[in-house]
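Asks: Structure in structure tokens, see below.
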Amino acid sequence: MMEIKDFTPSEIFSVEGDTLIWGEKVGIGVDCDGSSLENMLPMINKLIEFINSNKGAVVKALVDDGMLELAEDWASSAEEAEDSTEEHECYIMEDGSKVYLPITEEDFAASLHFDGISVYYDDDNDDISASVYLVCQPDYFAYHCIEIFMDSKGNIDVNGLAG
């Protein structure tokens, strides 16, 4: 659970802080225009709890939106590795990692890491909205991230690649 003391003033956002998501430290920037951090904090904690408890829902939203197929498309446009075979195509990503096709849903899920979260107060819904940025390791998307939009109720909307 994040607390007010976990945040510091920021040059980009009103405040920023770090939390653990999927076992990794993730930066969260919060724009408090229209509300106070104190009012937003329960919604921010609810969002973090949802993400930590529902990795499968995040992965499902990405897969349903075609991000796994897009990862395979991007990977297959990379340099083919010497150990590539007809049964197990292998490509070298820009970061030097090898990717074997097809990419399984489990491998795709395991590749996902949070790059950061930007949180804004949504006056219309008396809720927060968050831009959530995910990166993959191996880097299927050549230094691009996946952007999804979320709210504290667990609604997920995949926006595609950014960067």
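Naming scheme: A, B, ... for chains in displayed order of the structure tokens; residues 1 onward per chain; ligands 1 onward as shown.
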Applying 10 Å and only C-alpha atoms, which residues near stretch 32-39 of chain A remain after dropping the ones on its own chain fewer than 2 positions away? List them as a list in words.

Replies: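 That gives Glu3, Ile4, Phe7, Phe13, Ser14, Val15, Gly29, Val30, Leu41, Pro42, Met43, Ile44, Val119, Tyr120, Tyr121, Asp122, Asp123, Asp126, Asp127 and Ile128 of chain A.
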
Asks: Excluding stretch 142-153 of chain A and any residue of its chain fewer than 2 positions from it, enumerate the residues within 7 Å of it, using only C-alpha atoms, and give them as a list in words.

Replies: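 Near neighbours after the sequence-gap exclusion: Met43, Ile44, Lys46, Leu47, Glu94, Asp127, Ile128, Ser129, Ala130, Ser131, Val132, Tyr133, Leu134, Val135, Asp139, Tyr140, Asn155, Ile156, Asp157, Val158, Asn159, Gly160, Leu161, Ala162 and Gly163 of chain A.
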
Asks: Would you save the residues of that selection, restricted to N, CA and C atoms, as a PDB file, in the first residue's frame?

Replies:
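And here's again-v4.pdb as it stands now:
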```
ATOM      1  N   MET A  43      -7.641   5.138  -4.752  1.00  0.00           N
ATOM      2  CA  MET A  43      -7.848   4.644  -6.121  1.00  0.00           C
ATOM      3  C   MET A  43      -6.542   4.133  -6.713  1.00  0.00           C
ATOM      4  N   ILE A  44      -5.431   4.829  -6.420  1.00  0.00           N
ATOM      5  CA  ILE A  44      -4.115   4.389  -6.892  1.00  0.00           C
ATOM      6  C   ILE A  44      -3.786   3.024  -6.286  1.00  0.00           C
ATOM      7  N   LYS A  46      -5.892   0.811  -5.194  1.00  0.00           N
ATOM      8  CA  LYS A  46      -6.801  -0.178  -5.775  1.00  0.00           C
ATOM      9  C   LYS A  46      -6.291  -0.623  -7.151  1.00  0.00           C
ATOM     10  N   LEU A  47      -5.797   0.329  -7.948  1.00  0.00           N
ATOM     11  CA  LEU A  47      -5.222   0.009  -9.261  1.00  0.00           C
ATOM     12  C   LEU A  47      -4.006  -0.909  -9.104  1.00  0.00           C
ATOM     13  N   GLU A  94      17.078  -6.548 -31.623  1.00  0.00           N
ATOM     14  CA  GLU A  94      18.030  -5.433 -31.580  1.00  0.00           C
ATOM     15  C   GLU A  94      18.843  -5.410 -30.292  1.00  0.00           C
ATOM     16  N   ASP A 127     -12.797   9.225 -10.741  1.00  0.00           N
ATOM     17  CA  ASP A 127     -11.897   8.083 -10.675  1.00  0.00           C
ATOM     18  C   ASP A 127     -10.545   8.538 -11.208  1.00  0.00           C
ATOM     19  N   ILE A 128      -9.614   7.645 -11.219  1.00  0.00           N
ATOM     20  CA  ILE A 128      -8.331   7.917 -11.853  1.00  0.00           C
ATOM     21  C   ILE A 128      -8.303   7.238 -13.210  1.00  0.00           C
ATOM     22  N   SER A 129      -7.455   7.743 -14.074  1.00  0.00           N
ATOM     23  CA  SER A 129      -7.106   7.022 -15.289  1.00  0.00           C
ATOM     24  C   SER A 129      -5.587   6.936 -15.290  1.00  0.00           C
ATOM     25  N   ALA A 130      -5.093   5.840 -15.814  1.00  0.00           N
ATOM     26  CA  ALA A 130      -3.654   5.616 -15.782  1.00  0.00           C
ATOM     27  C   ALA A 130      -3.168   5.156 -17.140  1.00  0.00           C
ATOM     28  N   SER A 131      -2.076   5.753 -17.584  1.00  0.00           N
ATOM     29  CA  SER A 131      -1.344   5.250 -18.738  1.00  0.00           C
ATOM     30  C   SER A 131      -0.266   4.335 -18.184  1.00  0.00           C
ATOM     31  N   VAL A 132      -0.349   3.076 -18.583  1.00  0.00           N
ATOM     32  CA  VAL A 132       0.562   2.047 -18.068  1.00  0.00           C
ATOM     33  C   VAL A 132       1.470   1.635 -19.220  1.00  0.00           C
ATOM     34  N   TYR A 133       2.771   1.661 -18.976  1.00  0.00           N
ATOM     35  CA  TYR A 133       3.747   1.359 -20.022  1.00  0.00           C
ATOM     36  C   TYR A 133       4.461   0.056 -19.686  1.00  0.00           C
ATOM     37  N   LEU A 134       4.416  -0.871 -20.638  1.00  0.00           N
ATOM     38  CA  LEU A 134       5.046  -2.178 -20.479  1.00  0.00           C
ATOM     39  C   LEU A 134       6.128  -2.354 -21.533  1.00  0.00           C
ATOM     40  N   VAL A 135       7.228  -2.956 -21.146  1.00  0.00           N
ATOM     41  CA  VAL A 135       8.282  -3.320 -22.088  1.00  0.00           C
ATOM     42  C   VAL A 135       8.461  -4.833 -22.037  1.00  0.00           C
ATOM     43  N   ASP A 139      13.281  -8.009 -26.157  1.00  0.00           N
ATOM     44  CA  ASP A 139      12.671  -6.787 -26.663  1.00  0.00           C
ATOM     45  C   ASP A 139      12.056  -7.021 -28.049  1.00  0.00           C
ATOM     46  N   TYR A 140      10.855  -7.575 -28.042  1.00  0.00           N
ATOM     47  CA  TYR A 140      10.168  -7.875 -29.303  1.00  0.00           C
ATOM     48  C   TYR A 140       9.931  -6.632 -30.154  1.00  0.00           C
ATOM     49  N   ASN A 155     -10.662  -1.687 -15.448  1.00  0.00           N
ATOM     50  CA  ASN A 155     -10.895  -1.624 -16.885  1.00  0.00           C
ATOM     51  C   ASN A 155      -9.579  -1.441 -17.605  1.00  0.00           C
ATOM     52  N   ILE A 156      -9.368  -2.228 -18.653  1.00  0.00           N
ATOM     53  CA  ILE A 156      -8.116  -2.212 -19.409  1.00  0.00           C
ATOM     54  C   ILE A 156      -8.420  -1.929 -20.873  1.00  0.00           C
ATOM     55  N   ASP A 157      -7.711  -0.956 -21.426  1.00  0.00           N
ATOM     56  CA  ASP A 157      -7.856  -0.620 -22.841  1.00  0.00           C
ATOM     57  C   ASP A 157      -6.461  -0.554 -23.445  1.00  0.00           C
ATOM     58  N   VAL A 158      -6.158  -1.459 -24.383  1.00  0.00           N
ATOM     59  CA  VAL A 158      -4.831  -1.496 -24.996  1.00  0.00           C
ATOM     60  C   VAL A 158      -4.756  -0.403 -26.063  1.00  0.00           C
ATOM     61  N   ASN A 159      -3.757   0.457 -25.946  1.00  0.00           N
ATOM     62  CA  ASN A 159      -3.585   1.552 -26.897  1.00  0.00           C
ATOM     63  C   ASN A 159      -2.585   1.224 -27.989  1.00  0.00           C
ATOM     64  N   GLY A 160      -1.770   0.192 -27.815  1.00  0.00           N
ATOM     65  CA  GLY A 160      -0.784  -0.184 -28.825  1.00  0.00           C
ATOM     66  C   GLY A 160       0.619   0.176 -28.408  1.00  0.00           C
ATOM     67  N   LEU A 161       1.473   0.332 -29.409  1.00  0.00           N
ATOM     68  CA  LEU A 161       2.882   0.631 -29.143  1.00  0.00           C
ATOM     69  C   LEU A 161       3.111   2.126 -29.023  1.00  0.00           C
ATOM     70  N   ALA A 162       4.074   2.498 -28.192  1.00  0.00           N
ATOM     71  CA  ALA A 162       4.468   3.885 -28.026  1.00  0.00           C
ATOM     72  C   ALA A 162       5.991   3.953 -28.032  1.00  0.00           C
ATOM     73  N   GLY A 163       6.497   5.088 -28.408  1.00  0.00           N
ATOM     74  CA  GLY A 163       7.951   5.268 -28.352  1.00  0.00           C
ATOM     75  C   GLY A 163       8.558   5.288 -29.641  1.00  0.00           C
TER      76      GLY A 163
END
```

Asks: Please measure the separation of atom CA of A:Asn45 and atom CA of A:Ser118, giving the value in Å to one decimal.

Replies: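 Taking atom CA of A:Asn45 and atom CA of A:Ser118, their separation equals 13.5 Å.
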
Asks: Looking at A:Asn125, A:Ser84, A:Asn52, A:Ser76, which one is nearest to A:Phe141, with distances taken over only C-alpha atoms?

Replies: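 Ranking A:Asn125, A:Ser84, A:Asn52, A:Ser76 by distance to A:Phe141, first place goes to A:Ser76.
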
Asks: Please compute the atom CA of A:Glu89-atom CA of A:Ala110 distance, one decimal, in Å.

Replies: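 These two atoms are separated by 19.5 Å.
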
Asks: Tell me which protein, DNA and RNA residues are within 9 Å of A:Ala78, counting only C-alpha atoms, leaving out same-chain ones fewer than 3 positions away, and put them as a PDB file with N, CA, C and O atoms, in the first residue's frame.

Replies:
```
ATOM      1  N   TRP A  74       7.027  -8.442 -35.490  1.00  0.00           N
ATOM      2  CA  TRP A  74       8.232  -7.640 -35.306  1.00  0.00           C
ATOM      3  C   TRP A  74       9.459  -8.546 -35.194  1.00  0.00           C
ATOM      4  O   TRP A  74      10.500  -8.258 -35.788  1.00  0.00           O
ATOM      5  N   ALA A  75       9.341  -9.627 -34.437  1.00  0.00           N
ATOM      6  CA  ALA A  75      10.486 -10.524 -34.255  1.00  0.00           C
ATOM      7  C   ALA A  75      10.916 -11.136 -35.582  1.00  0.00           C
ATOM      8  O   ALA A  75      12.111 -11.234 -35.884  1.00  0.00           O
ATOM      9  N   TYR A  91      15.216 -15.644 -34.289  1.00  0.00           N
ATOM     10  CA  TYR A  91      15.631 -14.318 -34.749  1.00  0.00           C
ATOM     11  C   TYR A  91      16.392 -13.607 -33.638  1.00  0.00           C
ATOM     12  O   TYR A  91      16.151 -13.823 -32.456  1.00  0.00           O
ATOM     13  N   ILE A  92      17.315 -12.736 -34.060  1.00  0.00           N
ATOM     14  CA  ILE A  92      18.117 -11.946 -33.135  1.00  0.00           C
ATOM     15  C   ILE A  92      17.490 -10.549 -33.041  1.00  0.00           C
ATOM     16  O   ILE A  92      17.415  -9.828 -34.037  1.00  0.00           O
ATOM     17  N   MET A  93      17.035 -10.183 -31.831  1.00  0.00           N
ATOM     18  CA  MET A  93      16.422  -8.875 -31.616  1.00  0.00           C
ATOM     19  C   MET A  93      17.504  -7.798 -31.547  1.00  0.00           C
ATOM     20  O   MET A  93      18.681  -8.096 -31.414  1.00  0.00           O
ATOM     21  N   GLU A  94      17.078  -6.548 -31.623  1.00  0.00           N
ATOM     22  CA  GLU A  94      18.030  -5.433 -31.580  1.00  0.00           C
ATOM     23  C   GLU A  94      18.843  -5.410 -30.292  1.00  0.00           C
ATOM     24  O   GLU A  94      19.961  -4.908 -30.275  1.00  0.00           O
TER      25      GLU A  94
END
```

Asks: Taking only stretch 81-133 of chain A into account, list the residues labelled strand (DSSP E) by DSSP (computed from the backbone), as a list of chain:residue names.

Replies: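 Residues meeting the strand (DSSP E) criterion: A:Glu89, A:Cys90, A:Tyr91, A:Ile92, A:Lys98, A:Val99, A:Tyr100, A:Leu101, A:Leu112, A:His113, A:Phe114, A:Asp115, A:Gly116, A:Ile117, A:Ser118, A:Val119, A:Tyr120, A:Tyr121, A:Asp122, A:Asp127, A:Ile128, A:Ser129, A:Ala130, A:Ser131, A:Val132, A:Tyr133.
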